[in-house]
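Student: Next comes the structure file entry23.pdb, holding PDB, C-alpha atoms.
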ATOM      1  CA  MET A 635       0.000   0.000   0.000  1.00  0.00           C
ATOM      2  CA  ASP A 636       1.391   3.352  -0.983  1.00  0.00           C
ATOM      3  CA  LYS A 637       0.102   6.883  -0.453  1.00  0.00           C
ATOM      4  CA  LYS A 638      -1.056   7.192  -4.058  1.00  0.00           C
ATOM      5  CA  THR A 639      -3.245   4.079  -3.793  1.00  0.00           C
ATOM      6  CA  LEU A 640      -4.668   5.120  -0.435  1.00  0.00           C
ATOM      7  CA  LYS A 641      -5.429   8.605  -1.779  1.00  0.00           C
ATOM      8  CA  HIS A 642      -7.238   7.031  -4.760  1.00  0.00           C
ATOM      9  CA  ILE A 643      -9.300   4.769  -2.472  1.00  0.00           C
ATOM     10  CA  ALA A 644     -10.169   7.755  -0.279  1.00  0.00           C
ATOM     11  CA  GLU A 645     -11.274   9.783  -3.302  1.00  0.00           C
ATOM     12  CA  LEU A 646     -13.472   6.928  -4.536  1.00  0.00           C
ATOM     13  CA  SER A 647     -14.994   6.803  -1.055  1.00  0.00           C
ATOM     14  CA  ARG A 648     -15.440  10.590  -1.053  1.00  0.00           C
ATOM     15  CA  ILE A 649     -13.176  10.901   1.982  1.00  0.00           C
ATOM     16  CA  LYS A 650     -10.820  13.843   2.130  1.00  0.00           C
ATOM     17  CA  LEU A 651      -7.422  13.038   3.628  1.00  0.00           C
ATOM     18  CA  THR A 652      -4.733  15.567   4.359  1.00  0.00           C
ATOM     19  CA  ASP A 653      -1.084  14.808   3.578  1.00  0.00           C
ATOM     20  CA  GLN A 654      -0.546  14.215   7.303  1.00  0.00           C
ATOM     21  CA  GLU A 655      -3.433  11.710   7.403  1.00  0.00           C
ATOM     22  CA  LEU A 656      -2.093   9.926   4.313  1.00  0.00           C
ATOM     23  CA  GLU A 657       1.286   9.665   6.024  1.00  0.00           C
ATOM     24  CA  LYS A 658      -0.336   8.241   9.162  1.00  0.00           C
ATOM     25  CA  PHE A 659      -2.910   5.932   7.557  1.00  0.00           C
ATOM     26  CA  THR A 660      -0.778   4.359   4.802  1.00  0.00           C
ATOM     27  CA  PRO A 661       1.232   2.063   7.130  1.00  0.00           C
ATOM     28  CA  GLN A 662      -1.936   1.336   9.129  1.00  0.00           C
ATOM     29  CA  MET A 663      -3.744   0.241   5.957  1.00  0.00           C
ATOM     30  CA  GLN A 664      -0.801  -1.970   5.032  1.00  0.00           C
ATOM     31  CA  THR A 665      -0.997  -3.616   8.468  1.00  0.00           C
ATOM     32  CA  ILE A 666      -4.709  -4.281   7.937  1.00  0.00           C
ATOM     33  CA  LEU A 667      -4.063  -5.787   4.507  1.00  0.00           C
ATOM     34  CA  ASP A 668      -1.255  -7.967   5.888  1.00  0.00           C
ATOM     35  CA  SER A 669      -3.586  -9.225   8.625  1.00  0.00           C
ATOM     36  CA  ALA A 670      -6.275 -10.073   6.082  1.00  0.00           C
ATOM     37  CA  LYS A 671      -3.723 -11.912   3.945  1.00  0.00           C
ATOM     38  CA  GLN A 672      -2.642 -13.931   6.989  1.00  0.00           C
ATOM     39  CA  LEU A 673      -6.268 -14.829   7.769  1.00  0.00           C
ATOM     40  CA  GLN A 674      -6.776 -16.093   4.208  1.00  0.00           C
ATOM     41  CA  GLN A 675      -4.109 -18.735   4.846  1.00  0.00           C
ATOM     42  CA  VAL A 676      -6.037 -20.288   7.762  1.00  0.00           C
ATOM     43  CA  ASP A 677      -7.792 -23.555   6.883  1.00  0.00           C
ATOM     44  CA  THR A 678     -11.429 -23.099   7.887  1.00  0.00           C
ATOM     45  CA  SER A 679     -12.863 -25.958   5.859  1.00  0.00           C
ATOM     46  CA  ASN A 680     -13.918 -27.882   8.998  1.00  0.00           C
ATOM     47  CA  VAL A 681     -15.102 -24.867  10.986  1.00  0.00           C
ATOM     48  CA  GLN A 682     -18.819 -24.235  11.296  1.00  0.00           C
ATOM     49  CA  PRO A 683     -19.951 -20.633  10.957  1.00  0.00           C
ATOM     50  CA  MET A 684     -20.847 -18.896  14.202  1.00  0.00           C
ATOM     51  CA  LYS A 685     -24.514 -18.021  14.476  1.00  0.00           C
ATOM     52  CA  LYS A 686     -26.625 -16.584  17.194  1.00  0.00           C
ATOM     53  CA  HIS A 687     -30.329 -16.927  16.656  1.00  0.00           C
ATOM     54  CA  ILE A 688     -32.791 -14.820  18.551  1.00  0.00           C
ATOM     55  CA  PRO A 689     -36.137 -16.534  19.015  1.00  0.00           C
ATOM     56  CA  PHE A 690     -39.132 -14.518  17.870  1.00  0.00           C
ATOM     57  CA  SER A 691     -40.562 -14.884  21.359  1.00  0.00           C
ATOM     58  CA  ASP A 692     -37.731 -12.632  22.633  1.00  0.00           C
ATOM     59  CA  LEU A 693     -38.645  -9.770  20.293  1.00  0.00           C
ATOM     60  CA  ARG A 694     -40.932  -6.974  21.389  1.00  0.00           C
ATOM     61  CA  ASP A 695     -44.365  -6.635  19.847  1.00  0.00           C
ATOM     62  CA  ASP A 696     -44.598  -4.281  16.899  1.00  0.00           C
ATOM     63  CA  VAL A 697     -47.171  -1.794  18.113  1.00  0.00           C
ATOM     64  CA  ILE A 698     -48.531   0.883  15.805  1.00  0.00           C
ATOM     65  CA  GLY A 699     -48.335   4.322  17.343  1.00  0.00           C
ATOM     66  CA  GLU A 700     -48.509   7.954  16.369  1.00  0.00           C
ATOM     67  CA  SER A 701     -45.768   9.237  14.132  1.00  0.00           C
ATOM     68  CA  LEU A 702     -44.890  12.479  12.406  1.00  0.00           C
ATOM     69  CA  SER A 703     -46.119  13.218   8.918  1.00  0.00           C
ATOM     70  CA  GLN A 704     -43.585  13.632   6.143  1.00  0.00           C
ATOM     71  CA  GLN A 705     -44.346  17.365   6.091  1.00  0.00           C
ATOM     72  CA  GLU A 706     -43.671  17.648   9.840  1.00  0.00           C
ATOM     73  CA  VAL A 707     -40.355  15.823   9.558  1.00  0.00           C
ATOM     74  CA  LEU A 708     -39.210  17.884   6.586  1.00  0.00           C
ATOM     75  CA  SER A 709     -40.213  21.157   8.262  1.00  0.00           C
ATOM     76  CA  ASN A 710     -37.143  20.930  10.524  1.00  0.00           C
ATOM     77  CA  ALA A 711     -34.683  19.828   7.859  1.00  0.00           C
ATOM     78  CA  LYS A 712     -32.256  22.432   6.571  1.00  0.00           C
ATOM     79  CA  HIS A 713     -31.583  20.587   3.286  1.00  0.00           C
ATOM     80  CA  LYS A 714     -34.319  18.693   1.431  1.00  0.00           C
ATOM     81  CA  GLU A 715     -34.649  17.078  -1.964  1.00  0.00           C
ATOM     82  CA  ASN A 716     -37.540  15.141  -3.536  1.00  0.00           C
ATOM     83  CA  GLY A 717     -39.337  14.712  -0.224  1.00  0.00           C
ATOM     84  CA  HIS A 718     -36.226  13.437   1.589  1.00  0.00           C
ATOM     85  CA  ILE A 719     -33.732  14.942   4.001  1.00  0.00           C
ATOM     86  CA  LYS A 720     -30.264  15.426   2.510  1.00  0.00           C
ATOM     87  CA  VAL A 721     -27.593  14.397   5.003  1.00  0.00           C
ATOM     88  CA  TYR A 722     -23.986  15.527   4.786  1.00  0.00           C
ATOM     89  CA  GLY A 723     -21.040  14.955   7.026  1.00  0.00           C
ATOM     90  CA  LYS A 724     -17.316  14.565   7.206  1.00  0.00           C
ATOM     91  CA  ILE A 725     -17.310  11.513   4.937  1.00  0.00           C
ATOM     92  CA  PHE A 726     -19.393  13.020   2.132  1.00  0.00           C
ATOM     93  CA  GLY A 727     -18.143  16.585   2.337  1.00  0.00           C
ATOM     94  CA  ASP A 728     -19.997  19.826   2.677  1.00  0.00           C
ATOM     95  CA  ILE A 729     -23.311  20.403   0.933  1.00  0.00           C
ATOM     96  CA  GLU A 730     -21.709  22.901  -1.413  1.00  0.00           C
ATOM     97  CA  GLU A 731     -19.257  20.224  -2.624  1.00  0.00           C
ATOM     98  CA  SER A 732     -21.835  17.615  -3.605  1.00  0.00           C
TER      99      SER A 732
END
As structure tokens - that is how I would like this structure written.
Tutor:
Amino acid sequence: MDKKTLKHIAELSRIKLTDQELEKFTPQMQTILDSAKQLQQVDTSNVQPMKKHIPFSDLRDDVIGESLSQQEVLSNAKHKENGHIKVYGKIFGDIEES
């Protein structure tokens, strides 16, 4: 893993990384990839997958209650589009950038 590859992956993911972050994250990403490569070498052919089933009796009842209308929900949203709330954050960038 080199900085150029990590920068490309970040751009595809719409994540902005500074030069300092690229410097810090490049060796960390290589460590993650090395760990994954090591795991691929483990023979798991005789290992059953781990599962945890939750019985339906343990789930709460789905009770219909009052909820807000779409208009009420959208009335508090700063950014809206086609009847939906537009959400932006650090990963996706500012609203002006999208």
Student: Once the PyMOL selection byres ((chain A and resi 651) around 12) has been evaluated on this model, what residues remain selected, and can you format them as a VMD selection string?
Tutor: chain A and resid 637 to 638 640 to 650 652 to 660 724 to 725 727
Student: Quick check, in Å to one decimal: how far apart do atom CA of A:Gln664 and atom CA of A:Val676 lie?
Tutor: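 Separation of atom CA of A:Gln664 and atom CA of A:Val676: 19.2 Å.
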Student: To one decimal place in Å, what is the distance between atom CA of A:Gln704 and atom CA of A:Lys720?
Tutor: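 These atoms are spaced 13.9 Å apart.
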Student: Please, what distance in Å, to one decimal, runs between atom CA of A:Lys685 and atom CA of A:Ala670?
Tutor: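 Separation between atom CA of A:Lys685 and atom CA of A:Ala670: 21.6 Å.
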